[in-house]
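> Contents of data_28.cif (mmCIF, C-alpha atoms):
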data_coords
loop_
_atom_site.group_PDB
_atom_site.id
_atom_site.type_symbol
_atom_site.label_atom_id
_atom_site.label_comp_id
_atom_site.auth_asym_id
_atom_site.auth_seq_id
_atom_site.Cartn_x
_atom_site.Cartn_y
_atom_site.Cartn_z
ATOM 1 C CA MET A 1 20.310 -0.776 14.885
ATOM 2 C CA VAL A 2 23.529 0.762 13.564
ATOM 3 C CA VAL A 3 23.666 1.103 9.799
ATOM 4 C CA THR A 4 27.054 -0.030 8.513
ATOM 5 C CA ARG A 5 28.799 0.008 5.170
ATOM 6 C CA GLU A 6 27.105 -3.300 4.370
ATOM 7 C CA ASN A 7 23.780 -1.446 4.207
ATOM 8 C CA VAL A 8 24.866 1.214 1.745
ATOM 9 C CA VAL A 9 25.916 1.368 -1.874
ATOM 10 C CA ALA A 10 28.936 3.091 -3.275
ATOM 11 C CA SER A 11 28.383 6.296 -5.177
ATOM 12 C CA ASP A 12 29.471 6.967 -8.747
ATOM 13 C CA SER A 13 33.196 7.621 -8.550
ATOM 14 C CA ASN A 14 33.113 9.687 -11.742
ATOM 15 C CA ARG A 15 31.464 12.684 -10.073
ATOM 16 C CA ARG A 16 30.632 14.014 -6.645
ATOM 17 C CA LEU A 17 27.049 14.051 -5.439
ATOM 18 C CA SER A 18 25.520 17.309 -4.314
ATOM 19 C CA PRO A 19 24.143 17.695 -0.760
ATOM 20 C CA GLN A 20 20.638 17.561 -2.262
ATOM 21 C CA GLU A 21 21.407 14.243 -3.984
ATOM 22 C CA ILE A 22 22.880 12.788 -0.789
ATOM 23 C CA ALA A 23 19.774 13.882 1.129
ATOM 24 C CA ASP A 24 17.569 12.290 -1.540
ATOM 25 C CA VAL A 25 19.437 8.965 -1.273
ATOM 26 C CA LEU A 26 19.062 8.907 2.515
ATOM 27 C CA ARG A 27 15.428 9.989 2.284
ATOM 28 C CA GLU A 28 14.721 7.102 -0.087
ATOM 29 C CA ARG A 29 16.291 4.652 2.381
ATOM 30 C CA ILE A 30 13.990 5.986 5.084
ATOM 31 C CA ARG A 31 10.971 5.726 2.800
ATOM 32 C CA THR A 32 11.679 2.131 1.804
ATOM 33 C CA GLY A 33 12.422 1.018 5.368
ATOM 34 C CA GLU A 34 16.134 0.354 4.849
ATOM 35 C CA LEU A 35 16.585 2.991 7.536
ATOM 36 C CA LYS A 36 13.939 2.568 10.233
ATOM 37 C CA ALA A 37 12.754 4.777 13.076
ATOM 38 C CA GLY A 38 15.382 4.688 15.822
ATOM 39 C CA ASP A 39 18.245 3.557 13.557
ATOM 40 C CA ARG A 40 21.514 5.439 14.039
ATOM 41 C CA LEU A 41 23.044 6.933 10.914
ATOM 42 C CA PRO A 42 26.692 6.300 10.076
ATOM 43 C CA THR A 43 29.100 9.029 11.164
ATOM 44 C CA GLN A 44 29.688 12.016 8.922
ATOM 45 C CA ALA A 45 33.116 10.592 8.113
ATOM 46 C CA GLU A 46 31.589 7.262 7.037
ATOM 47 C CA LEU A 47 28.947 8.991 4.909
ATOM 48 C CA ALA A 48 31.575 11.229 3.337
ATOM 49 C CA GLU A 49 33.633 8.166 2.443
ATOM 50 C CA GLU A 50 30.612 6.319 1.048
ATOM 51 C CA PHE A 51 29.494 9.179 -1.186
ATOM 52 C CA GLY A 52 33.005 10.379 -2.033
ATOM 53 C CA VAL A 53 32.416 13.933 -0.819
ATOM 54 C CA GLU A 54 33.704 16.360 1.809
ATOM 55 C CA ARG A 55 32.103 16.363 5.244
ATOM 56 C CA GLY A 56 30.631 19.779 4.524
ATOM 57 C CA ALA A 57 28.361 18.252 1.857
ATOM 58 C CA VAL A 58 27.230 15.577 4.312
ATOM 59 C CA ARG A 59 26.473 18.204 6.970
ATOM 60 C CA LEU A 60 24.300 20.140 4.497
ATOM 61 C CA ALA A 61 22.447 16.955 3.528
ATOM 62 C CA LEU A 62 21.811 16.061 7.173
ATOM 63 C CA ARG A 63 20.633 19.603 7.860
ATOM 64 C CA GLU A 64 18.029 19.224 5.117
ATOM 65 C CA LEU A 65 16.804 15.925 6.577
ATOM 66 C CA GLN A 66 16.670 17.513 10.014
ATOM 67 C CA GLU A 67 14.563 20.396 8.674
ATOM 68 C CA ASP A 68 12.205 17.821 7.146
ATOM 69 C CA GLY A 69 11.749 16.228 10.566
ATOM 70 C CA LEU A 70 13.410 12.986 9.520
ATOM 71 C CA LEU A 71 16.215 13.011 12.111
ATOM 72 C CA SER A 72 16.320 13.129 15.892
ATOM 73 C CA ASN A 73 19.086 13.181 18.504
ATOM 74 C CA VAL A 74 21.014 15.685 16.402
ATOM 75 C CA SER A 75 24.022 16.846 18.426
ATOM 76 C CA LYS A 76 27.728 17.298 17.944
ATOM 77 C CA GLY A 77 29.826 14.192 18.373
ATOM 78 C CA SER A 78 26.917 11.757 18.080
ATOM 79 C CA PRO A 79 25.370 10.522 14.809
ATOM 80 C CA PRO A 80 21.657 11.365 14.603
ATOM 81 C CA ARG A 81 18.910 8.773 14.583
ATOM 82 C CA ILE A 82 15.944 8.335 12.295
ATOM 83 C CA ALA A 83 13.002 10.112 13.904
ATOM 84 C CA GLU A 84 10.078 8.138 15.270
ATOM 85 C CA ALA A 85 7.087 8.440 12.925
ATOM 86 C CA ALA A 86 9.362 10.123 10.428
ATOM 87 C CA PRO A 87 7.271 11.931 7.802
ATOM 88 C CA THR A 88 7.635 10.788 4.226
ATOM 89 C CA ARG A 89 7.423 12.765 1.023
ATOM 90 C CA ASN A 90 6.491 9.946 -1.290
ATOM 91 C CA GLY A 91 5.474 10.604 -4.827
ATOM 92 C CA PRO A 92 2.745 8.409 -6.268
ATOM 93 C CA GLN A 93 3.793 4.864 -7.169
ATOM 94 C CA PRO A 94 2.091 2.036 -9.076
ATOM 95 C CA THR A 95 -0.337 0.357 -6.706
ATOM 96 C CA MET A 96 1.435 -3.009 -6.816
ATOM 97 C CA VAL A 97 4.676 -1.265 -5.792
ATOM 98 C CA GLY A 98 3.424 1.297 -3.298
ATOM 99 C CA LEU A 99 0.787 -0.623 -1.369
ATOM 100 C CA ALA A 100 2.830 -3.496 0.084
ATOM 101 C CA PRO A 101 5.275 -1.426 2.206
ATOM 102 C CA ARG A 102 2.419 0.686 3.589
ATOM 103 C CA ILE A 103 0.430 -2.429 4.534
ATOM 104 C CA THR A 104 3.522 -3.961 6.126
ATOM 105 C CA GLU A 105 4.114 -0.844 8.216
ATOM 106 C CA ALA A 106 0.472 -0.863 9.332
ATOM 107 C CA PHE A 107 0.983 -4.382 10.715
ATOM 108 C CA SER A 108 3.463 -3.067 13.290
ATOM 109 C CA ALA A 109 0.473 -1.852 15.356
ATOM 110 C CA PRO A 110 -0.986 -4.162 18.027
ATOM 111 C CA HIS A 111 -4.455 -3.723 16.512
ATOM 112 C CA VAL A 112 -4.357 -3.698 12.714
ATOM 113 C CA ARG A 113 -7.342 -2.222 10.930
ATOM 114 C CA ILE A 114 -7.581 -2.195 7.139
ATOM 115 C CA ASP A 115 -10.600 -1.002 5.151
ATOM 116 C CA ALA A 116 -10.640 -1.289 1.368
ATOM 117 C CA VAL A 117 -12.859 -0.401 -1.583
ATOM 118 C CA CYS A 118 -11.833 -2.102 -4.814
ATOM 119 C CA LEU A 119 -12.982 -4.140 -7.815
ATOM 120 C CA THR A 120 -11.273 -7.313 -6.615
ATOM 121 C CA ALA A 121 -8.984 -8.183 -3.705
ATOM 122 C CA GLU A 122 -6.055 -9.117 -5.952
ATOM 123 C CA THR A 123 -3.664 -6.248 -5.153
ATOM 124 C CA LEU A 124 -4.559 -6.213 -1.463
ATOM 125 C CA GLY A 125 -4.025 -9.973 -1.243
ATOM 126 C CA VAL A 126 -0.557 -9.656 -2.772
ATOM 127 C CA ALA A 127 0.329 -6.744 -0.463
ATOM 128 C CA LEU A 128 -0.694 -8.765 2.598
ATOM 129 C CA GLY A 129 1.801 -11.481 1.715
ATOM 130 C CA GLU A 130 4.794 -9.705 3.271
ATOM 131 C CA PRO A 131 3.273 -8.954 6.723
ATOM 132 C CA VAL A 132 1.879 -12.488 6.869
ATOM 133 C CA ARG A 133 5.393 -13.819 6.209
ATOM 134 C CA ARG A 134 6.781 -11.564 8.926
ATOM 135 C CA ILE A 135 4.236 -12.900 11.389
ATOM 136 C CA HIS A 136 5.262 -16.464 10.545
ATOM 137 C CA ASP A 137 8.937 -15.457 10.935
ATOM 138 C CA GLY A 138 8.235 -13.981 14.351
ATOM 139 C CA ARG A 139 9.295 -10.466 13.339
ATOM 140 C CA ILE A 140 5.904 -8.895 14.100
ATOM 141 C CA ALA A 141 3.087 -10.045 16.364
ATOM 142 C CA PRO A 142 -0.156 -8.058 16.165
ATOM 143 C CA GLU A 143 -2.821 -9.018 18.692
ATOM 144 C CA ARG A 144 -5.826 -8.345 16.453
ATOM 145 C CA ILE A 145 -6.443 -7.896 12.730
ATOM 146 C CA ASP A 146 -9.670 -6.418 11.364
ATOM 147 C CA VAL A 147 -10.107 -6.260 7.593
ATOM 148 C CA ARG A 148 -13.256 -4.925 5.926
ATOM 149 C CA ILE A 149 -13.559 -5.017 2.143
ATOM 150 C CA LEU A 150 -16.191 -3.482 -0.112
ATOM 151 C CA LEU A 151 -16.499 -5.162 -3.537
ATOM 152 C CA PRO A 152 -19.094 -4.668 -6.292
ATOM 153 C CA SER A 153 -22.192 -6.829 -6.044
ATOM 154 C CA ARG A 154 -22.638 -9.643 -8.538
ATOM 155 C CA GLU A 155 -26.189 -8.372 -9.119
ATOM 156 C CA ILE A 156 -25.285 -5.053 -10.745
ATOM 157 C CA ASN A 157 -24.377 -4.212 -14.331
ATOM 158 C CA LEU A 158 -20.705 -3.369 -13.979
ATOM 159 C CA ALA A 159 -19.469 -0.206 -15.689
ATOM 160 C CA PHE A 160 -16.167 -2.069 -16.123
ATOM 161 C CA PRO A 161 -14.806 -4.567 -16.891
ATOM 162 C CA VAL A 162 -17.272 -5.009 -19.739
ATOM 163 C CA SER A 163 -17.112 -6.590 -23.173
ATOM 164 C CA VAL A 164 -16.840 -4.133 -26.032
ATOM 165 C CA ASP A 165 -19.718 -5.718 -27.960
ATOM 166 C CA ASN A 166 -21.613 -7.740 -25.341
ATOM 167 C CA HIS A 167 -23.454 -5.985 -22.514
ATOM 168 C CA ASP A 168 -26.161 -8.510 -21.613
ATOM 169 C CA ASP A 169 -26.429 -10.796 -18.592
ATOM 170 C CA GLU A 170 -24.099 -13.309 -20.244
ATOM 171 C CA ASP A 171 -21.265 -10.842 -20.662
ATOM 172 C CA PRO A 172 -18.081 -12.983 -20.477
ATOM 173 C CA ALA A 173 -16.126 -10.043 -19.036
ATOM 174 C CA HIS A 174 -18.534 -9.946 -16.084
ATOM 175 C CA LYS A 175 -18.238 -13.706 -15.559
ATOM 176 C CA ARG A 176 -14.451 -13.450 -15.643
ATOM 177 C CA TRP A 177 -14.467 -10.612 -13.077
ATOM 178 C CA LEU A 178 -16.839 -12.533 -10.791
ATOM 179 C CA ARG A 179 -14.544 -15.583 -10.756
ATOM 180 C CA GLN A 180 -11.591 -13.372 -9.909
ATOM 181 C CA ARG A 181 -13.499 -11.480 -7.205
ATOM 182 C CA ASN A 182 -14.541 -14.665 -5.458
ATOM 183 C CA THR A 183 -11.266 -16.577 -5.808
ATOM 184 C CA GLN A 184 -9.013 -13.713 -4.729
ATOM 185 C CA GLY A 185 -11.275 -12.767 -1.839
ATOM 186 C CA TYR A 186 -11.390 -16.362 -0.625
ATOM 187 C CA VAL A 187 -7.593 -16.696 -0.732
ATOM 188 C CA LEU A 188 -7.100 -13.419 1.147
ATOM 189 C CA ARG A 189 -9.540 -14.439 3.859
ATOM 190 C CA HIS A 190 -8.032 -17.915 4.202
ATOM 191 C CA ASN A 191 -4.454 -16.584 4.504
ATOM 192 C CA LEU A 192 -5.409 -14.155 7.263
ATOM 193 C CA GLN A 193 -7.754 -16.405 9.188
ATOM 194 C CA SER A 194 -5.126 -19.153 9.258
ATOM 195 C CA LEU A 195 -3.196 -16.880 11.637
ATOM 196 C CA ARG A 196 -5.796 -17.670 14.290
ATOM 197 C CA SER A 197 -4.736 -21.281 14.618
ATOM 198 C CA SER A 198 -1.042 -20.796 13.864
ATOM 199 C CA HIS A 199 -0.371 -17.728 16.062
ATOM 200 C CA GLY A 200 -3.478 -17.154 18.169
ATOM 201 C CA ILE A 201 -4.201 -13.775 16.564
ATOM 202 C CA ASP A 202 -7.768 -12.482 16.751
ATOM 203 C CA VAL A 203 -8.568 -12.120 13.028
ATOM 204 C CA HIS A 204 -11.768 -10.815 11.442
ATOM 205 C CA VAL A 205 -12.216 -10.538 7.657
ATOM 206 C CA THR A 206 -15.570 -9.281 6.372
ATOM 207 C CA PHE A 207 -16.866 -8.516 2.885
ATOM 208 C CA ARG A 208 -19.840 -6.398 1.863
ATOM 209 C CA ALA A 209 -21.297 -5.768 -1.600
ATOM 210 C CA LEU A 210 -21.433 -2.350 -3.238
ATOM 211 C CA PRO A 211 -24.447 -1.477 -5.416
ATOM 212 C CA PHE A 212 -22.174 0.389 -7.869
ATOM 213 C CA THR A 213 -18.826 0.106 -9.659
ATOM 214 C CA PRO A 214 -16.195 2.066 -7.690
ATOM 215 C CA PRO A 215 -14.319 4.581 -9.894
ATOM 216 C CA VAL A 216 -11.316 4.493 -7.538
ATOM 217 C CA LYS A 217 -9.628 2.041 -5.214
ATOM 218 C CA LEU A 218 -9.193 3.170 -1.629
ATOM 219 C CA TYR A 219 -7.238 1.657 1.255
ATOM 220 C CA LEU A 220 -7.559 2.965 4.826
ATOM 221 C CA LEU A 221 -4.855 1.850 7.253
ATOM 222 C CA ASN A 222 -5.328 2.029 11.025
ATOM 223 C CA GLU A 223 -7.456 5.184 10.602
ATOM 224 C CA ALA A 224 -4.127 6.984 10.082
ATOM 225 C CA GLU A 225 -3.475 6.766 6.345
ATOM 226 C CA ALA A 226 -5.541 6.769 3.161
ATOM 227 C CA LEU A 227 -4.192 5.470 -0.138
ATOM 228 C CA MET A 228 -6.162 6.132 -3.302
ATOM 229 C CA ALA A 229 -5.734 5.259 -6.972
ATOM 230 C CA TYR A 230 -7.936 6.005 -9.960
ATOM 231 C CA TYR A 231 -9.210 3.172 -12.095
ATOM 232 C CA THR A 232 -8.128 4.233 -15.583
ATOM 233 C CA ILE A 233 -10.144 2.440 -18.262
ATOM 234 C CA THR A 234 -8.470 0.973 -21.307
ATOM 235 C CA ARG A 235 -9.432 -1.358 -24.115
ATOM 236 C CA ARG A 236 -7.575 -4.646 -24.133
ATOM 237 C CA GLU A 237 -7.851 -8.205 -25.346
ATOM 238 C CA GLU A 238 -7.745 -11.250 -23.078
ATOM 239 C CA THR A 239 -7.660 -14.942 -23.949
ATOM 240 C CA SER A 240 -10.045 -17.070 -21.887
ATOM 241 C CA SER A 241 -9.216 -20.491 -20.459
ATOM 242 C CA GLU A 242 -11.205 -21.930 -23.372
ATOM 243 C CA GLY A 243 -8.935 -20.152 -25.846
ATOM 244 C CA LYS A 244 -11.515 -17.552 -26.881
ATOM 245 C CA LYS A 245 -10.578 -13.925 -27.456
ATOM 246 C CA LEU A 246 -12.279 -11.449 -25.126
ATOM 247 C CA ASP A 247 -12.277 -7.828 -26.293
ATOM 248 C CA MET A 248 -13.184 -5.627 -23.313
ATOM 249 C CA TYR A 249 -12.906 -2.328 -21.529
ATOM 250 C CA ASP A 250 -11.034 -2.928 -18.299
ATOM 251 C CA ALA A 251 -9.296 -0.943 -15.563
ATOM 252 C CA LEU A 252 -5.599 -0.522 -14.961
ATOM 253 C CA GLY A 253 -5.603 -1.815 -11.413
ATOM 254 C CA SER A 254 -2.147 -2.795 -10.184
ATOM 255 C CA ALA A 255 -0.471 -0.270 -12.502
ATOM 256 C CA SER A 256 -2.608 2.723 -11.459
ATOM 257 C CA LEU A 257 -0.766 5.365 -9.435
ATOM 258 C CA LEU A 258 -1.353 5.215 -5.683
ATOM 259 C CA PHE A 259 -1.522 8.499 -3.762
ATOM 260 C CA SER A 260 -0.849 8.508 -0.016
ATOM 261 C CA PHE A 261 -2.418 10.836 2.554
ATOM 262 C CA GLU A 262 -1.197 10.634 6.154
ATOM 263 C CA LYS A 263 -3.139 11.981 9.115
ATOM 264 C CA ARG A 264 0.043 12.958 10.935
ATOM 265 C CA ALA A 265 0.826 15.419 8.119
ATOM 266 C CA GLY A 266 -2.105 17.543 9.268
ATOM 267 C CA GLY A 267 -3.979 19.998 7.076
ATOM 268 C CA ARG A 268 -5.596 18.653 3.920
ATOM 269 C CA ASP A 269 -3.988 15.229 4.321
ATOM 270 C CA ALA A 270 -5.569 14.738 7.743
ATOM 271 C CA ALA A 271 -8.933 15.972 6.470
ATOM 272 C CA PHE A 272 -8.761 13.563 3.523
ATOM 273 C CA VAL A 273 -8.059 10.602 5.812
ATOM 274 C CA ASP A 274 -10.907 11.528 8.158
ATOM 275 C CA GLU A 275 -13.446 12.137 5.385
ATOM 276 C CA SER A 276 -12.437 8.960 3.547
ATOM 277 C CA GLN A 277 -12.980 6.941 6.721
ATOM 278 C CA LYS A 278 -16.389 8.566 7.233
ATOM 279 C CA TRP A 279 -17.305 7.795 3.615
ATOM 280 C CA PHE A 280 -16.287 4.152 3.986
ATOM 281 C CA ASP A 281 -18.113 3.732 7.298
ATOM 282 C CA ALA A 282 -21.279 5.283 5.858
ATOM 283 C CA LEU A 283 -21.252 2.885 2.907
ATOM 284 C CA TRP A 284 -20.580 -0.076 5.190
ATOM 285 C CA GLU A 285 -23.477 0.767 7.484
ATOM 286 C CA THR A 286 -26.108 1.821 4.920
ATOM 287 C CA ILE A 287 -26.473 0.801 1.275
ATOM 288 C CA THR A 288 -24.087 -2.172 1.134
ATOM 289 C CA THR A 289 -25.216 -5.760 1.706
ATOM 290 C CA ASP A 290 -23.702 -9.012 2.919
ATOM 291 C CA LEU A 291 -21.415 -10.595 0.349
ATOM 292 C CA LYS A 292 -20.799 -14.311 0.038
ATOM 293 C CA LEU A 293 -17.855 -15.493 -2.021
ATOM 294 C CA THR A 294 -19.689 -18.071 -4.117
#
Written as structure tokens, that's how I'd like the structure from this file.


Amino acid sequence: MVVTRENVVASDSNRRLSPQEIADVLRERIRTGELKAGDRLPTQAELAEEFGVERGAVRLALRELQEDGLLSNVSKGSPPRIAEAAPTRNGPQPTMVGLAPRITEAFSAPHVRIDAVCLTAETLGVALGEPVRRIHDGRIAPERIDVRILLPSREINLAFPVSVDNHDDEDPAHKRWLRQRNTQGYVLRHNLQSLRSSHGIDVHVTFRALPFTPPVKLYLLNEAEALMAYYTITRREETSSEGKKLDMYDALGSASLLFSFEKRAGGRDAAFVDESQKWFDALWETITTDLKLT
């Protein structure tokens, strides 16, 4: 793919961007997928015109991206390309924002494997919407999808969400969470398993029950990336379907910051991915139990 002027935005004509700012703009396009692995960049002249700068500033920006390992095919007279498996330097993002593009990228593999530990499957279900749409559009075609999800058991006393004043077996906050857990899990499983009949994809979605309330949410993608977010507890008020006020301690789920660790980065990132996968597998094979969405 050649990126043209239609794919870029004009810079602020009131001032000239620095090479660092130009590099940051291009890096963000790589991170978001606007520029994909193998895409050819515009020429230095085209970039200079877009950003309203001299070619020297563009060359410095491209040099920075090259040093970061984001560019390949760097030679005189030929625009560079976005490197395959280009490393990213993402900062943490809210889970609802950061998870979807990572899930979508994971679906480019022939065999997709997603493991998750969470309170409910709400955020994961939303994030799966985009790759499912791409499968229906014919843009991606994985051969197999394996999804394993660990959710809290209905039999435990949840640490959260929990009513501020009611902690017995009839806690309305627990009942509300259980309805959400079951409904969202059922929808996620249905949307993925429907790909069997519509596209012939070998799909497996399995749930198991945790005997404790997870303090974090964790997503493991193709054994290559781990994404983690802390459940931050806050007090908030919810109105039930019956119109009753529910005062409870609940977690910031979709708004919690999601941190990404990639195995290809090596070092501590790779160790975190490996140990997180071992932790998940150990839970799956030992103290968790079969979970039925009823």

> What do you get, as an MDAnalysis selection string, if you spell out every residue that the PyMOL selection byres ((chain A and resi 149) around 6) selects here?

chainID A and resid 115:117 148 150 207

> Taking a cut-off of 12 Å and counting all atoms listed in the file, can you build a table that, for each residue of stretch 109-191 of chain A near stretch 237-258 of chain A, reports the nearest atom pair and how far apart they are in Å (one decimal), sorted by chain then residue number, as a tab-separated table?


residue	atom	partner	partner_atom	distance
A:Cys118	CA	A:Gly253	CA	9.1
A:Leu119	CA	A:Gly253	CA	8.5
A:Thr120	CA	A:Gly253	CA	9.2
A:Ala121	CA	A:Gly253	CA	10.6
A:Glu122	CA	A:Ser254	CA	8.6
A:Thr123	CA	A:Ser254	CA	6.3
A:Leu124	CA	A:Ser254	CA	9.7
A:Gly125	CA	A:Ser254	CA	11.6
A:Val126	CA	A:Ser254	CA	10.2
A:Ala127	CA	A:Ser254	CA	10.8
A:Leu158	CA	A:Asp250	CA	10.6
A:Ala159	CA	A:Tyr249	CA	9.0
A:Phe160	CA	A:Asp250	CA	5.6
A:Pro161	CA	A:Asp250	CA	4.3
A:Val162	CA	A:Tyr249	CA	5.4
A:Ser163	CA	A:Met248	CA	4.0
A:Val164	CA	A:Met248	CA	4.8
A:Asp165	CA	A:Asp247	CA	7.9
A:Asn166	CA	A:Met248	CA	8.9
A:His167	CA	A:Met248	CA	10.3
A:Asp171	CA	A:Met248	CA	10.0
A:Pro172	CA	A:Leu246	CA	7.6
A:Ala173	CA	A:Met248	CA	6.8
A:His174	CA	A:Met248	CA	10.0
A:Lys175	CA	A:Ser240	CA	10.9
A:Arg176	CA	A:Ser240	CA	8.5
A:Trp177	CA	A:Asp250	CA	9.9

> For stretch 285-293 of chain A, work out the shell of residues within 6 Å, counting only C-alpha atoms and skipping chain neighbours fewer than 2 positions away, then give it as a ChimeraX atom specification.

/A:182,207-210,282-283

> Please write the residues from the selection above to a file, keeping C-alpha atoms, as a PDB file, in the coordinates of the input.


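Output file result-v4.pdb is given in full below:
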ATOM      1  CA  ASN A 182     -14.541 -14.665  -5.458  1.00  0.00           C
ATOM      2  CA  PHE A 207     -16.866  -8.516   2.885  1.00  0.00           C
ATOM      3  CA  ARG A 208     -19.840  -6.398   1.863  1.00  0.00           C
ATOM      4  CA  ALA A 209     -21.297  -5.768  -1.600  1.00  0.00           C
ATOM      5  CA  LEU A 210     -21.433  -2.350  -3.238  1.00  0.00           C
ATOM      6  CA  ALA A 282     -21.279   5.283   5.858  1.00  0.00           C
ATOM      7  CA  LEU A 283     -21.252   2.885   2.907  1.00  0.00           C
TER       8      LEU A 283
END

> Evaluate the PyMOL selection byres ((chain A and resi 136) around 12) and record the selected residues as a VMD selection string, following the chain and residue labels used in the document.

chain A and resid 129 to 135 137 to 142 191 to 192 194 to 201

> Residues within 12 Å of (2.4, 0.5, 12.7), file coordinates, counting all atoms listed in the file: what are they? Give the list as an mmCIF file with C-alpha atoms, in the coordinates of the input.


data_model
loop_
_atom_site.group_PDB
_atom_site.id
_atom_site.type_symbol
_atom_site.label_atom_id
_atom_site.label_comp_id
_atom_site.auth_asym_id
_atom_site.auth_seq_id
_atom_site.Cartn_x
_atom_site.Cartn_y
_atom_site.Cartn_z
ATOM 1 C CA LYS A 36 13.939 2.568 10.233
ATOM 2 C CA ALA A 37 12.754 4.777 13.076
ATOM 3 C CA GLU A 84 10.078 8.138 15.270
ATOM 4 C CA ALA A 85 7.087 8.440 12.925
ATOM 5 C CA PRO A 101 5.275 -1.426 2.206
ATOM 6 C CA ARG A 102 2.419 0.686 3.589
ATOM 7 C CA ILE A 103 0.430 -2.429 4.534
ATOM 8 C CA THR A 104 3.522 -3.961 6.126
ATOM 9 C CA GLU A 105 4.114 -0.844 8.216
ATOM 10 C CA ALA A 106 0.472 -0.863 9.332
ATOM 11 C CA PHE A 107 0.983 -4.382 10.715
ATOM 12 C CA SER A 108 3.463 -3.067 13.290
ATOM 13 C CA ALA A 109 0.473 -1.852 15.356
ATOM 14 C CA PRO A 110 -0.986 -4.162 18.027
ATOM 15 C CA HIS A 111 -4.455 -3.723 16.512
ATOM 16 C CA VAL A 112 -4.357 -3.698 12.714
ATOM 17 C CA ARG A 113 -7.342 -2.222 10.930
ATOM 18 C CA ILE A 114 -7.581 -2.195 7.139
ATOM 19 C CA PRO A 131 3.273 -8.954 6.723
ATOM 20 C CA ILE A 140 5.904 -8.895 14.100
ATOM 21 C CA ALA A 141 3.087 -10.045 16.364
ATOM 22 C CA PRO A 142 -0.156 -8.058 16.165
ATOM 23 C CA LEU A 221 -4.855 1.850 7.253
ATOM 24 C CA ASN A 222 -5.328 2.029 11.025
ATOM 25 C CA GLU A 223 -7.456 5.184 10.602
ATOM 26 C CA ALA A 224 -4.127 6.984 10.082
ATOM 27 C CA GLU A 225 -3.475 6.766 6.345
#
